[in-house]
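J.: I'd like to ask you about the structure that follows.
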Amino acid sequence: MLAFIATRHFMLSAIPFYLAALLALAIIAIGCFYVIFPERMTGSFGLKPPAPDADTRAWLRLKGIRDIVSGLVVLTLMVTTDTRTVGIALLVLAITPLGDMSNVLGSGGSKSTAFSVHGITCGVMLVVGLFLVHVI
């Protein structure tokens, strides 16, 4: 019985915690690509590629910085607070991919990218966040 309780606790707290770390590292990596190689990342967002000029690269780098900071917020909270706080942060930060998806759809961008990249990211962040705050 004790093994079952320990296994259940691991499933409900440790796995979502590690998934939160994986999400944070993934978004930091994506952000780094936007900062270092903005031209190569333009097609991955779901919008028509913009003009390849200095202004466009600057805007794309802003997206990269936003992503890096979002990931660092999650990682920082993971080492300084409890899992519930990390979950709350993920729930709040899930607004970002939801906004990205809405922007792509509202701008006539790729529906498949909007749902498969931004929509799934938002969904995963919500589920992991809800597990960490012990709602599900």
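Chain labels follow the order of the structure tokens: the first chain is A, the next B, and so on; residue numbering restarts at 1 in every chain, and ligands are counted from 1 in their shown order.
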Could you list, as a PDB file with C-alpha atoms, in the first residue's frame, every residue within 9 Å of A:Thr85, counting only C-alpha atoms and ignoring same-chain residues fewer than 5 positions away?
T.:
```
ATOM      1  CA  LEU A  77      10.479  29.633  -9.475  1.00  0.00           C
ATOM      2  CA  MET A  78      11.315  25.931  -9.612  1.00  0.00           C
ATOM      3  CA  LEU A  90       2.540  28.199 -15.891  1.00  0.00           C
ATOM      4  CA  LEU A 132       1.137  21.372 -10.105  1.00  0.00           C
ATOM      5  CA  VAL A 133      -1.566  23.374  -8.290  1.00  0.00           C
TER       6      VAL A 133
END
```
J.: Would you write out, as a tab-separated table, a table of all residues in stretch 55-105 of chain A that have an atom no more than 10 Å from an atom of stretch 37-41 of chain A, listing for each the closest atom pair and the distance in Å to one decimal, considering only C-alpha atoms and ordering rows by chain and rising residue number?
T.:
```
residue	atom	partner	partner_atom	distance
A:Thr56	CA	A:Pro38	CA	8.5
A:Arg57	CA	A:Pro38	CA	5.7
A:Ala58	CA	A:Pro38	CA	8.3
A:Trp59	CA	A:Pro38	CA	8.9
A:Leu60	CA	A:Pro38	CA	5.8
A:Arg61	CA	A:Pro38	CA	6.4
A:Leu62	CA	A:Pro38	CA	9.9
A:Lys63	CA	A:Pro38	CA	9.5
A:Gly64	CA	A:Pro38	CA	8.4
```
J.: I need the residues from that last selection saved to file as a PDB file, in the first residue's frame (with C-alpha atoms), if you can.
T.:
```pdb
ATOM      1  CA  THR A  56      12.044  42.710 -38.879  1.00  0.00           C
ATOM      2  CA  ARG A  57      15.017  40.984 -37.271  1.00  0.00           C
ATOM      3  CA  ALA A  58      14.709  43.335 -34.304  1.00  0.00           C
ATOM      4  CA  TRP A  59      11.027  42.438 -33.843  1.00  0.00           C
ATOM      5  CA  LEU A  60      11.782  38.737 -34.089  1.00  0.00           C
ATOM      6  CA  ARG A  61      14.531  39.106 -31.497  1.00  0.00           C
ATOM      7  CA  LEU A  62      11.968  40.687 -29.147  1.00  0.00           C
ATOM      8  CA  LYS A  63       9.920  37.499 -29.439  1.00  0.00           C
ATOM      9  CA  GLY A  64      13.049  35.517 -28.619  1.00  0.00           C
TER      10      GLY A  64
END
```
J.: Show me, as a list of chain:residue names, the residues that have an atom within 10 Å of A:Thr83 when counting only C-alpha atoms, minus same-chain residues fewer than 5 positions from it.
T.: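 Near A:Thr83, the qualifying residues are A:Ser13, A:Ala14, A:Pro16, A:Phe17, A:Ala20, A:Leu77, A:Met78, A:Ile88, A:Ala89, A:Gly129, A:Phe131, A:Leu132, A:Val133, A:His134.
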J.: How about saving the chosen residues, N, CA and C atoms kept, as an mmCIF file, in the first residue's frame?
T.:
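See out_29.cif below for the written result:
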```cif
data_model
loop_
_atom_site.group_PDB
_atom_site.id
_atom_site.type_symbol
_atom_site.label_atom_id
_atom_site.label_comp_id
_atom_site.auth_asym_id
_atom_site.auth_seq_id
_atom_site.Cartn_x
_atom_site.Cartn_y
_atom_site.Cartn_z
ATOM 1 N N SER A 13 3.100 14.805 -8.691
ATOM 2 C CA SER A 13 3.908 15.999 -8.440
ATOM 3 C C SER A 13 5.237 15.996 -9.184
ATOM 4 N N ALA A 14 5.974 14.915 -9.157
ATOM 5 C CA ALA A 14 7.305 14.913 -9.769
ATOM 6 C C ALA A 14 7.235 14.965 -11.296
ATOM 7 N N PRO A 16 4.808 16.146 -13.371
ATOM 8 C CA PRO A 16 4.482 17.488 -13.866
ATOM 9 C C PRO A 16 5.605 18.503 -13.610
ATOM 10 N N PHE A 17 6.323 18.350 -12.513
ATOM 11 C CA PHE A 17 7.430 19.253 -12.205
ATOM 12 C C PHE A 17 8.521 19.123 -13.267
ATOM 13 N N ALA A 20 7.381 20.658 -16.455
ATOM 14 C CA ALA A 20 7.510 22.116 -16.403
ATOM 15 C C ALA A 20 8.941 22.530 -16.734
ATOM 16 N N LEU A 77 11.490 30.024 -10.464
ATOM 17 C CA LEU A 77 10.479 29.633 -9.475
ATOM 18 C C LEU A 77 10.653 28.183 -9.046
ATOM 19 N N MET A 78 11.123 27.347 -9.952
ATOM 20 C CA MET A 78 11.315 25.931 -9.612
ATOM 21 C C MET A 78 12.376 25.750 -8.529
ATOM 22 N N ILE A 88 1.009 27.911 -10.823
ATOM 23 C CA ILE A 88 0.303 29.177 -11.041
ATOM 24 C C ILE A 88 1.011 29.985 -12.131
ATOM 25 N N ALA A 89 2.330 30.026 -12.081
ATOM 26 C CA ALA A 89 3.086 30.752 -13.109
ATOM 27 C C ALA A 89 2.825 30.156 -14.493
ATOM 28 N N GLY A 129 0.299 22.935 -15.420
ATOM 29 C CA GLY A 129 0.023 23.909 -14.368
ATOM 30 C C GLY A 129 -1.074 23.448 -13.429
ATOM 31 N N PHE A 131 -1.963 20.339 -12.800
ATOM 32 C CA PHE A 131 -1.415 19.258 -11.976
ATOM 33 C C PHE A 131 -0.567 19.816 -10.827
ATOM 34 N N LEU A 132 0.243 20.824 -11.130
ATOM 35 C CA LEU A 132 1.137 21.372 -10.105
ATOM 36 C C LEU A 132 0.373 22.132 -9.015
ATOM 37 N N VAL A 133 -0.768 22.710 -9.331
ATOM 38 C CA VAL A 133 -1.566 23.374 -8.290
ATOM 39 C C VAL A 133 -2.566 22.398 -7.662
ATOM 40 N N HIS A 134 -2.480 21.150 -8.086
ATOM 41 C CA HIS A 134 -3.280 20.044 -7.527
ATOM 42 C C HIS A 134 -4.774 20.213 -7.782
#
```
J.: Looking at A:Leu47, A:Tyr34, A:Ile27, A:Val86, which one is nearest to A:Leu130, with distances taken over only C-alpha atoms?
T.: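 Of the candidates, the smallest distance to A:Leu130 is held by A:Val86.
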J.: Could you check the closest approach to A:Met101 for each of A:Thr80, A:Leu126, A:Gly71, A:Phe45 and tell me which residue wins, using only C-alpha atoms?
T.: A:Phe45
J.: Write down as an MDAnalysis selection string the residues belonging to chain A that are assigned alpha helix (DSSP H) by DSSP computed on the backbone.
T.: chainID A and resid 2:9 15:36 38:41 54:80 83:93 95:106 111:113 120:132
J.: Residues near A:Ser112, anyone? I mean within 12 Å using only C-alpha atoms, not counting same-chain ones fewer than 5 positions away, as number ranges by chain.
T.: A: 44-47, 101, 104-105, 117-120
J.: Please measure the separation of atom CA of A:Gly43 and atom CA of A:Ile68, giving the value in Å to one decimal.
T.: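 Separation between atom CA of A:Gly43 and atom CA of A:Ile68: 19.1 Å.
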J.: Rounded to one decimal in Å, what is the spacing between atom CA of A:Ile28 and atom CA of A:Ala94?
T.: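 Spanning atom CA of A:Ile28 to atom CA of A:Ala94 is a straight-line distance of 14.8 Å.
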J.: In Å to one decimal, how far is atom CA of A:Thr113 from atom CA of A:Arg66?
T.: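 So the answer is 19.5 Å.
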